[in-house]
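Asks: My file is my_file-v4.cif. It has mmCIF, C-alpha atoms and all ligand atoms:
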data_model
loop_
_atom_site.label_atom_id
_atom_site.label_comp_id
_atom_site.auth_asym_id
_atom_site.auth_seq_id
_atom_site.Cartn_x
_atom_site.Cartn_y
_atom_site.Cartn_z
CA MET A 1 -11.96 9.35 18.34
CA LYS A 2 -15.13 7.26 18.36
CA ILE A 3 -15.43 3.71 17.11
CA TYR A 4 -18.64 2.21 15.70
CA LYS A 5 -20.02 -1.04 14.37
CA PRO A 6 -21.42 -0.89 10.81
CA GLY A 7 -24.85 0.72 10.79
CA ALA A 8 -24.42 2.40 14.17
CA LEU A 9 -23.32 5.80 12.87
CA LYS A 10 -25.72 8.10 11.03
CA LEU A 11 -24.65 11.56 9.95
CA PRO A 12 -26.28 14.43 8.03
CA ALA A 13 -23.02 14.97 6.11
CA SER A 14 -19.50 13.55 6.06
CA VAL A 15 -16.33 12.99 4.05
CA ILE A 16 -15.24 9.37 4.14
CA THR A 17 -12.58 6.91 3.09
CA ILE A 18 -12.94 3.15 3.15
CA GLY A 19 -10.24 0.50 3.26
CA ALA A 20 -8.42 -2.30 5.00
CA LEU A 21 -5.64 0.19 5.78
CA ASP A 22 -3.38 -2.58 7.09
CA GLY A 23 -0.26 -0.86 8.45
CA VAL A 24 -1.65 2.64 7.85
CA HIS A 25 1.39 3.08 5.58
CA LYS A 26 2.55 6.29 3.91
CA GLY A 27 0.14 5.81 0.98
CA HIS A 28 -2.80 5.38 3.37
CA GLN A 29 -1.57 8.40 5.30
CA ALA A 30 -1.69 10.53 2.14
CA LEU A 31 -5.25 9.34 1.50
CA LEU A 32 -6.28 10.01 5.10
CA ARG A 33 -4.75 13.51 5.03
CA LYS A 34 -6.64 14.34 1.83
CA THR A 35 -9.94 13.04 3.27
CA LYS A 36 -9.39 14.95 6.49
CA GLU A 37 -8.48 18.14 4.62
CA GLN A 38 -11.68 17.95 2.55
CA ALA A 39 -13.79 17.34 5.67
CA LYS A 40 -12.19 20.34 7.32
CA LYS A 41 -12.79 22.53 4.25
CA LEU A 42 -16.47 21.56 4.24
CA GLY A 43 -16.74 21.77 8.03
CA ILE A 44 -18.18 18.26 8.35
CA PRO A 45 -17.06 15.01 10.04
CA PHE A 46 -14.15 12.93 8.77
CA VAL A 47 -15.11 9.25 8.77
CA ILE A 48 -12.95 6.17 8.19
CA TYR A 49 -14.59 2.81 7.41
CA THR A 50 -12.16 -0.04 7.95
CA PHE A 51 -12.21 -3.82 8.29
CA ASP A 52 -10.89 -6.23 10.86
CA PRO A 53 -9.14 -8.44 10.08
CA PRO A 54 -7.95 -6.98 6.77
CA PRO A 55 -9.73 -8.95 3.99
CA LYS A 56 -6.43 -10.33 2.64
CA VAL A 57 -5.50 -11.60 6.09
CA PHE A 58 -8.91 -13.28 6.44
CA LEU A 59 -9.03 -14.68 2.90
CA LYS A 60 -5.40 -15.40 2.07
CA ASP A 61 -3.82 -15.69 5.49
CA CYS A 62 -1.44 -12.85 4.62
CA LEU A 63 0.82 -11.38 7.25
CA MET A 64 -1.06 -8.73 9.26
CA LEU A 65 0.96 -5.52 9.52
CA THR A 66 -1.02 -3.93 12.33
CA THR A 67 -3.43 -5.42 14.86
CA LEU A 68 -6.75 -3.60 15.16
CA ASP A 69 -5.45 -1.89 18.28
CA GLU A 70 -2.31 -0.65 16.52
CA LYS A 71 -4.30 0.44 13.49
CA LEU A 72 -6.72 2.42 15.63
CA LYS A 73 -3.82 4.12 17.42
CA ARG A 74 -2.32 5.13 14.10
CA LEU A 75 -5.70 6.34 12.82
CA LYS A 76 -6.13 8.40 15.97
CA MET A 77 -2.71 9.96 15.40
CA MET A 78 -3.86 10.84 11.88
CA GLY A 79 -6.70 12.84 13.41
CA ALA A 80 -9.58 10.39 12.83
CA GLU A 81 -12.88 11.49 14.39
CA HIS A 82 -15.19 8.58 13.58
CA VAL A 83 -14.01 5.07 12.72
CA ILE A 84 -16.38 2.33 11.63
CA VAL A 85 -14.91 -1.16 12.04
CA GLY A 86 -16.56 -3.93 10.01
CA LYS A 87 -15.80 -7.41 11.33
CA PHE A 88 -14.62 -9.04 8.11
CA ASP A 89 -15.94 -12.60 8.10
CA GLU A 90 -17.92 -15.03 5.92
CA MET A 91 -21.12 -13.10 6.50
CA PHE A 92 -19.67 -9.62 5.91
CA MET A 93 -17.96 -10.62 2.67
CA LYS A 94 -21.23 -11.85 1.19
CA LYS A 95 -22.73 -8.37 1.52
CA ASP A 96 -23.79 -7.20 -1.92
CA VAL A 97 -22.31 -4.03 -3.43
CA PHE A 98 -25.66 -2.24 -3.36
CA VAL A 99 -26.38 -3.25 0.25
CA PHE A 100 -23.02 -1.75 1.20
CA ILE A 101 -23.81 1.41 -0.80
CA GLU A 102 -27.13 1.76 1.06
CA GLU A 103 -25.19 1.44 4.34
CA LEU A 104 -22.83 4.23 3.22
CA LYS A 105 -25.81 6.45 2.41
CA GLU A 106 -26.59 6.59 6.15
CA LEU A 107 -23.40 8.66 6.46
CA ASN A 108 -24.55 11.09 3.74
CA PRO A 109 -21.03 11.39 2.32
CA LEU A 110 -20.57 14.60 0.33
CA GLU A 111 -17.26 13.13 -0.81
CA ILE A 112 -15.57 9.71 -0.70
CA TRP A 113 -11.80 9.53 -1.24
CA GLU A 114 -9.97 6.41 -2.47
CA GLY A 115 -7.02 5.23 -4.51
CA PRO A 116 -7.77 4.12 -8.12
CA ASP A 117 -7.74 0.37 -7.36
CA PHE A 118 -10.40 0.41 -4.64
CA GLN A 119 -12.83 -2.53 -4.78
CA PHE A 120 -15.61 -3.55 -2.43
CA GLY A 121 -18.62 -5.79 -1.96
CA LYS A 122 -19.36 -9.46 -2.59
CA ASN A 123 -16.82 -10.95 -5.00
CA LYS A 124 -15.15 -7.53 -5.21
CA ARG A 125 -17.76 -6.42 -7.77
CA GLY A 126 -17.78 -2.80 -6.57
CA ASN A 127 -15.27 -0.27 -7.87
CA ILE A 128 -14.77 3.48 -8.26
CA GLU A 129 -17.04 3.64 -11.32
CA ILE A 130 -19.94 2.02 -9.44
CA LEU A 131 -19.33 4.16 -6.36
CA ARG A 132 -19.47 7.26 -8.60
CA ARG A 133 -23.04 6.40 -9.66
CA HIS A 134 -24.08 7.19 -6.09
CA PHE A 135 -21.51 9.56 -4.60
CA LYS A 136 -18.97 12.20 -5.48
CA VAL A 137 -15.72 10.20 -5.41
CA GLY A 138 -12.25 11.73 -5.34
CA VAL A 139 -9.37 9.55 -6.51
CA LEU A 140 -5.89 10.16 -5.21
CA ASN A 141 -2.81 9.28 -7.30
CA PRO A 142 -1.06 6.43 -5.50
CA LEU A 143 1.89 7.59 -3.43
CA LYS A 144 5.20 6.12 -4.59
CA CYS A 145 8.49 5.60 -2.79
CA GLU A 146 11.79 7.24 -3.79
CA GLN A 147 12.41 4.44 -6.32
CA GLY A 148 9.11 5.24 -8.02
CA LYS A 149 7.26 2.10 -6.87
CA ILE A 150 3.73 2.32 -5.46
CA ILE A 151 3.58 1.88 -1.69
CA SER A 152 1.15 -0.87 -0.64
CA SER A 153 0.48 -3.18 2.28
CA SER A 154 1.35 -6.16 0.04
CA ARG A 155 4.74 -4.66 -0.81
CA ILE A 156 5.47 -4.03 2.86
CA ARG A 157 4.43 -7.61 3.72
CA ASN A 158 6.84 -8.93 1.08
CA LEU A 159 9.68 -6.77 2.39
CA MET A 160 9.07 -8.08 5.91
CA LEU A 161 8.99 -11.68 4.72
CA LYS A 162 12.33 -11.10 3.00
CA GLY A 163 13.73 -9.62 6.22
CA GLU A 164 14.03 -6.14 4.72
CA ASN A 165 12.63 -4.55 7.83
CA ALA A 166 14.31 -1.17 7.50
CA GLN A 167 12.74 -0.57 4.07
CA ALA A 168 9.39 -1.87 5.34
CA GLU A 169 9.51 0.54 8.28
CA LYS A 170 10.39 3.36 5.92
CA LEU A 171 7.27 2.73 3.83
CA LEU A 172 5.11 2.40 6.94
CA GLY A 173 6.34 5.82 8.01
CA ASP A 174 6.45 7.42 11.39
CA ILE A 175 3.05 9.06 11.88
CA ASN A 176 4.28 10.97 14.95
CA CYS A 177 6.68 12.97 12.81
CA MET A 178 4.59 13.24 9.69
CA SER A 179 1.05 14.19 10.56
CA GLY A 180 1.49 16.92 13.12
CA THR A 181 -1.61 15.62 14.90
CA PHE A 182 0.16 13.96 17.78
CA GLU A 183 -1.24 16.20 20.47
CA ASN A 184 -3.59 13.60 21.95
CA SER A 185 -3.04 10.60 24.17
CA PHE A 186 -3.10 7.06 22.79
CA ALA A 187 -6.27 6.17 24.65
CA ILE A 188 -9.08 5.00 22.38
C1 LIG B 1 -19.31 -5.50 1.87
C2 LIG B 1 -18.00 -6.02 1.39
C3 LIG B 1 -17.90 -7.31 0.86
C4 LIG B 1 -16.67 -7.80 0.43
N1 LIG B 1 -16.61 -9.06 -0.14
C5 LIG B 1 -15.42 -9.50 -0.63
C6 LIG B 1 -15.33 -10.76 -1.31
O1 LIG B 1 -16.32 -11.46 -1.50
N2 LIG B 1 -14.11 -11.16 -1.74
C7 LIG B 1 -12.98 -10.41 -1.56
O2 LIG B 1 -11.90 -10.82 -1.96
N3 LIG B 1 -13.04 -9.22 -0.93
C8 LIG B 1 -14.22 -8.74 -0.48
N4 LIG B 1 -14.28 -7.52 0.13
C9 LIG B 1 -13.02 -6.79 0.40
C10 LIG B 1 -12.68 -5.83 -0.71
O3 LIG B 1 -12.23 -6.54 -1.82
C11 LIG B 1 -11.60 -4.85 -0.25
O4 LIG B 1 -10.50 -5.54 0.27
C12 LIG B 1 -12.12 -3.93 0.83
O5 LIG B 1 -13.23 -3.25 0.31
C13 LIG B 1 -11.06 -2.95 1.28
O6 LIG B 1 -10.54 -2.25 0.23
P1 LIG B 1 -8.97 -2.18 0.12
O7 LIG B 1 -8.49 -3.60 -0.04
O8 LIG B 1 -8.70 -1.31 -1.09
O9 LIG B 1 -8.55 -1.60 1.38
C14 LIG B 1 -15.52 -6.99 0.54
C15 LIG B 1 -15.63 -5.69 1.05
C16 LIG B 1 -16.83 -5.20 1.46
C17 LIG B 1 -16.93 -3.78 1.97
N1 LIG B 2 0.21 4.27 -2.13
C1 LIG B 2 -1.05 4.69 -1.99
N2 LIG B 2 -1.36 5.97 -2.25
C2 LIG B 2 -2.64 6.40 -2.13
N3 LIG B 2 -3.68 5.61 -1.80
C3 LIG B 2 -3.42 4.33 -1.55
C4 LIG B 2 -2.10 3.79 -1.61
N4 LIG B 2 -2.15 2.48 -1.29
C5 LIG B 2 -3.44 2.20 -1.06
N5 LIG B 2 -4.20 3.29 -1.22
C6 LIG B 2 -5.64 3.38 -1.10
O1 LIG B 2 -6.01 3.16 0.24
C7 LIG B 2 -7.30 2.53 0.30
C8 LIG B 2 -7.19 1.27 1.12
O2 LIG B 2 -6.38 0.36 0.39
P1 LIG B 2 -5.77 -0.97 0.98
O3 LIG B 2 -6.01 -1.01 2.43
O4 LIG B 2 -6.21 -2.12 0.14
O5 LIG B 2 -4.20 -0.71 0.76
P2 LIG B 2 -3.14 -1.48 -0.08
O6 LIG B 2 -1.84 -0.93 0.38
O7 LIG B 2 -3.42 -1.37 -1.55
O8 LIG B 2 -3.32 -2.98 0.43
P3 LIG B 2 -2.97 -4.37 -0.28
O9 LIG B 2 -1.58 -4.27 -0.83
O10 LIG B 2 -3.11 -5.37 0.83
O11 LIG B 2 -3.99 -4.55 -1.38
C9 LIG B 2 -7.70 2.27 -1.16
O12 LIG B 2 -8.53 3.30 -1.62
C10 LIG B 2 -6.37 2.28 -1.87
O13 LIG B 2 -6.50 2.62 -3.25
#
Show me this structure written as structure tokens.
Replies:
Amino acid sequence: MKIYKPGALKLPASVITIGALDGVHKGHQALLRKTKEQAKKLGIPFVIYTFDPPPKVFLKDCLMLTTLDEKLKRLKMMGAEHVIVGKFDEMFMKKDVFVFIEELKELNPLEIWEGPDFQFGKNKRGNIEILRRHFKVGVLNPLKCEQGKIISSSRIRNLMLKGENAQAEKLLGDINCMSGTFENSFAI
């Protein structure tokens, strides 16, 4: 797995997903599996664009579920090939939607996969509809838990804050058992 700063990776074709991915929970895992599957079908690289720290941790001081190191380990176990890590700070968050879209164009994504609520760019002005003006965007139905509630990093943070660690762990999921891509070492 290779790690890049924004702008450092240029590809003739790719399938990508973008997100904070804090925790790399079961919902994220479903999204990553779909993105990876599409990349494999097309025979082109699978790229993940993530942020560190997660925007909600930077902006709202939320509990961070996984450090960058832990997140990268989990992404590696999910079979990530190329991971772009954007340092999320005052400067990064002021990046306009269309500047970010131009940056994505350097990856020549044939497909981008996200959940329906994905937002990006300065003041969160970018969404799936805007992304679709430039790229083919696949939207995955959000994965729900057994009780029918959508799995999210926020929900897991709340469970942890309430001391409901077993349920939080359940929603985070054990990637080793689930992905079947545990053949490699943890080294990044
Ligand atoms: C270039 C860029 C600028 C962003 N600027 C803001 C911002 O001004 N305010 C904000 O709350 N989030 C901002 N974000 C974070 C997004 O709202 C969102 O958290 C991020 O794209 C990850 O998506 P996810 O939360 O669905 O994982 C920005 C994201 C990107 C890529
Ligand atoms: N349960 C889920 N099923 C499928 N995709 C998901 C799920 N949860 C998040 N995603 C998608 O993963 C990408 C990254 O989302 P993000 O990192 O914001 O996760 P989140 O769990 O919604 O976080 P938060 O609760 O902090 O907003 C987005 O495209 C989002 O729609």
Asks: With distances taken over all atoms listed in the file, which of A:Pro116, A:Gly173, A:Gly79, A:Gly86 is nearest to Gly7 in chain A?
Replies: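 Among A:Pro116, A:Gly173, A:Gly79, A:Gly86, it is A:Gly86 that comes nearest to Gly7 in chain A.
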Asks: In terms of the shortest atom-to-atom distance over all atoms listed in the file, which of A:Ser14, A:Gln147, A:Thr67, A:Ser152 is closest to Gln29 in chain A?
Replies: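 For Gln29 in chain A, the nearest of the candidates is A:Ser152.
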Asks: What does the distance between CA of Glu102 in chain A and atom O1 of ligand LIG 1 (chain B) come to in Å, to one decimal place?
Replies: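 According to the coordinates, CA of Glu102 in chain A and atom O1 of ligand LIG 1 (chain B) are separated by 17.3 Å.
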Asks: Anything within 8 Å of (-16.7, 5.5, 3.2): list those residues as a PyMOL selection string, counting only C-alpha atoms and sticking to the file's coordinates.
Replies: chain A and resi 15-18+47-49+104+109+112-113
Asks: In Å to one decimal, how far is CA of Gly23 in chain A from CA of His82 in chain A?
Replies: 18.4 Å
Asks: What are the centre and the three edge lengths of an axis-aligned box that wraps all atoms of ligand LIG 2 (chain B) in the file, given that 8 Å is added to every side, written as lines of an AutoDock Vina configuration file and rounded to one decimal in Å?
Replies:
center_x = -4.2
center_y = 0.5
center_z = -0.4
size_x = 24.7
size_y = 27.8
size_z = 21.7
Asks: Using only C-alpha atoms and all ligand atoms, find each residue of chain A with at least one atom at most 10 Å away from an atom of ligand LIG 1 (chain B); report its shortest atom-to-atom pair and that distance in Å (one decimal), sort the rows by chain and rising residue number, and return the result as JSON lines.
Replies:
{"residue": "A:Thr17", "atom": "CA", "partner": "B:LIG1", "partner_atom": "O9", "distance": 9.6}
{"residue": "A:Ile18", "atom": "CA", "partner": "B:LIG1", "partner_atom": "O6", "distance": 6.6}
{"residue": "A:Gly19", "atom": "CA", "partner": "B:LIG1", "partner_atom": "O9", "distance": 3.3}
{"residue": "A:Ala20", "atom": "CA", "partner": "B:LIG1", "partner_atom": "O9", "distance": 3.7}
{"residue": "A:Leu21", "atom": "CA", "partner": "B:LIG1", "partner_atom": "O9", "distance": 5.6}
{"residue": "A:Asp22", "atom": "CA", "partner": "B:LIG1", "partner_atom": "O9", "distance": 7.8}
{"residue": "A:His28", "atom": "CA", "partner": "B:LIG1", "partner_atom": "O9", "distance": 9.3}
{"residue": "A:Tyr49", "atom": "CA", "partner": "B:LIG1", "partner_atom": "C17", "distance": 8.9}
{"residue": "A:Thr50", "atom": "CA", "partner": "B:LIG1", "partner_atom": "C13", "distance": 7.4}
{"residue": "A:Phe51", "atom": "CA", "partner": "B:LIG1", "partner_atom": "C13", "distance": 7.2}
{"residue": "A:Pro54", "atom": "CA", "partner": "B:LIG1", "partner_atom": "O4", "distance": 7.1}
{"residue": "A:Pro55", "atom": "CA", "partner": "B:LIG1", "partner_atom": "O4", "distance": 5.1}
{"residue": "A:Lys56", "atom": "CA", "partner": "B:LIG1", "partner_atom": "O4", "distance": 6.7}
{"residue": "A:Val57", "atom": "CA", "partner": "B:LIG1", "partner_atom": "O4", "distance": 9.8}
{"residue": "A:Phe58", "atom": "CA", "partner": "B:LIG1", "partner_atom": "O2", "distance": 9.2}
{"residue": "A:Leu59", "atom": "CA", "partner": "B:LIG1", "partner_atom": "O2", "distance": 6.8}
{"residue": "A:Lys60", "atom": "CA", "partner": "B:LIG1", "partner_atom": "O2", "distance": 8.9}
{"residue": "A:Gly86", "atom": "CA", "partner": "B:LIG1", "partner_atom": "C17", "distance": 8.0}
{"residue": "A:Phe88", "atom": "CA", "partner": "B:LIG1", "partner_atom": "C15", "distance": 7.9}
{"residue": "A:Asp89", "atom": "CA", "partner": "B:LIG1", "partner_atom": "N1", "distance": 9.0}
{"residue": "A:Glu90", "atom": "CA", "partner": "B:LIG1", "partner_atom": "O1", "distance": 8.4}
{"residue": "A:Met91", "atom": "CA", "partner": "B:LIG1", "partner_atom": "C3", "distance": 8.7}
{"residue": "A:Phe92", "atom": "CA", "partner": "B:LIG1", "partner_atom": "C1", "distance": 5.8}
{"residue": "A:Met93", "atom": "CA", "partner": "B:LIG1", "partner_atom": "N1", "distance": 3.5}
{"residue": "A:Lys94", "atom": "CA", "partner": "B:LIG1", "partner_atom": "N1", "distance": 5.6}
{"residue": "A:Lys95", "atom": "CA", "partner": "B:LIG1", "partner_atom": "C1", "distance": 4.5}
{"residue": "A:Asp96", "atom": "CA", "partner": "B:LIG1", "partner_atom": "C1", "distance": 6.1}
{"residue": "A:Val97", "atom": "CA", "partner": "B:LIG1", "partner_atom": "C1", "distance": 6.3}
{"residue": "A:Phe98", "atom": "CA", "partner": "B:LIG1", "partner_atom": "C1", "distance": 8.8}
{"residue": "A:Val99", "atom": "CA", "partner": "B:LIG1", "partner_atom": "C1", "distance": 7.6}
{"residue": "A:Phe100", "atom": "CA", "partner": "B:LIG1", "partner_atom": "C1", "distance": 5.3}
{"residue": "A:Ile101", "atom": "CA", "partner": "B:LIG1", "partner_atom": "C1", "distance": 8.7}
{"residue": "A:Glu103", "atom": "CA", "partner": "B:LIG1", "partner_atom": "C1", "distance": 9.4}
{"residue": "A:Glu114", "atom": "CA", "partner": "B:LIG1", "partner_atom": "O8", "distance": 7.9}
{"residue": "A:Gly115", "atom": "CA", "partner": "B:LIG1", "partner_atom": "O8", "distance": 7.6}
{"residue": "A:Pro116", "atom": "CA", "partner": "B:LIG1", "partner_atom": "O8", "distance": 8.9}
{"residue": "A:Asp117", "atom": "CA", "partner": "B:LIG1", "partner_atom": "O8", "distance": 6.6}
{"residue": "A:Phe118", "atom": "CA", "partner": "B:LIG1", "partner_atom": "O8", "distance": 4.3}
{"residue": "A:Gln119", "atom": "CA", "partner": "B:LIG1", "partner_atom": "O3", "distance": 5.0}
{"residue": "A:Phe120", "atom": "CA", "partner": "B:LIG1", "partner_atom": "O5", "distance": 3.6}
{"residue": "A:Gly121", "atom": "CA", "partner": "B:LIG1", "partner_atom": "C3", "distance": 3.3}
{"residue": "A:Lys122", "atom": "CA", "partner": "B:LIG1", "partner_atom": "N1", "distance": 3.7}
{"residue": "A:Asn123", "atom": "CA", "partner": "B:LIG1", "partner_atom": "O1", "distance": 3.6}
{"residue": "A:Lys124", "atom": "CA", "partner": "B:LIG1", "partner_atom": "O3", "distance": 4.6}
{"residue": "A:Arg125", "atom": "CA", "partner": "B:LIG1", "partner_atom": "C5", "distance": 8.1}
{"residue": "A:Gly126", "atom": "CA", "partner": "B:LIG1", "partner_atom": "O3", "distance": 8.2}
{"residue": "A:Asn127", "atom": "CA", "partner": "B:LIG1", "partner_atom": "O5", "distance": 8.9}
{"residue": "A:Ser152", "atom": "CA", "partner": "B:LIG1", "partner_atom": "O8", "distance": 9.9}
{"residue": "A:Ser153", "atom": "CA", "partner": "B:LIG1", "partner_atom": "O9", "distance": 9.2}
Asks: Taking into account all atoms listed in the file, which residue in the set A:Lys105, A:Pro45, A:Tyr4, A:Glu164 is nearest to Ile84 in chain A?
Replies: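 Among the listed residues, the smallest separation from Ile84 in chain A belongs to A:Tyr4.
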Asks: Smallest atom-to-atom distance to ligand LIG 2 (chain B): which of A:Arg157, A:Arg133, A:Lys71, A:Lys10, using only C-alpha atoms and all ligand atoms?
Replies: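 Of A:Arg157, A:Arg133, A:Lys71, A:Lys10, the one nearest ligand LIG 2 (chain B), counting only C-alpha atoms and all ligand atoms, is A:Arg157.
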Asks: Let me make sure I understand: among A:Glu106, A:Glu81, A:Asp69, A:Asp52, which one has the smallest atom-to-atom distance to ligand LIG 2 (chain B) if we use only C-alpha atoms and all ligand atoms?
Replies: A:Asp52
Asks: May I ask which of the residues A:Pro142, A:Pro12, A:Pro6, A:Gly148 is the closest one to Leu110 in chain A, counting all atoms listed in the file?
Replies: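 Nearest candidate to Leu110 in chain A out of A:Pro142, A:Pro12, A:Pro6, A:Gly148: A:Pro12.
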Asks: CA of Glu111 in chain A to CA of Asp174 in chain A: how many Å, to one decimal?
Replies: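 If I compute the distance from CA of Glu111 in chain A to CA of Asp174 in chain A, I get 27.3 Å.
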Asks: Show which residues sit within 12 Å of Leu161 in chain A, as a PyMOL selection string. Count only C-alpha atoms, and ignore same-chain residues fewer than 4 positions away.
Replies: chain A and resi 62-65+154-157+165+167-168
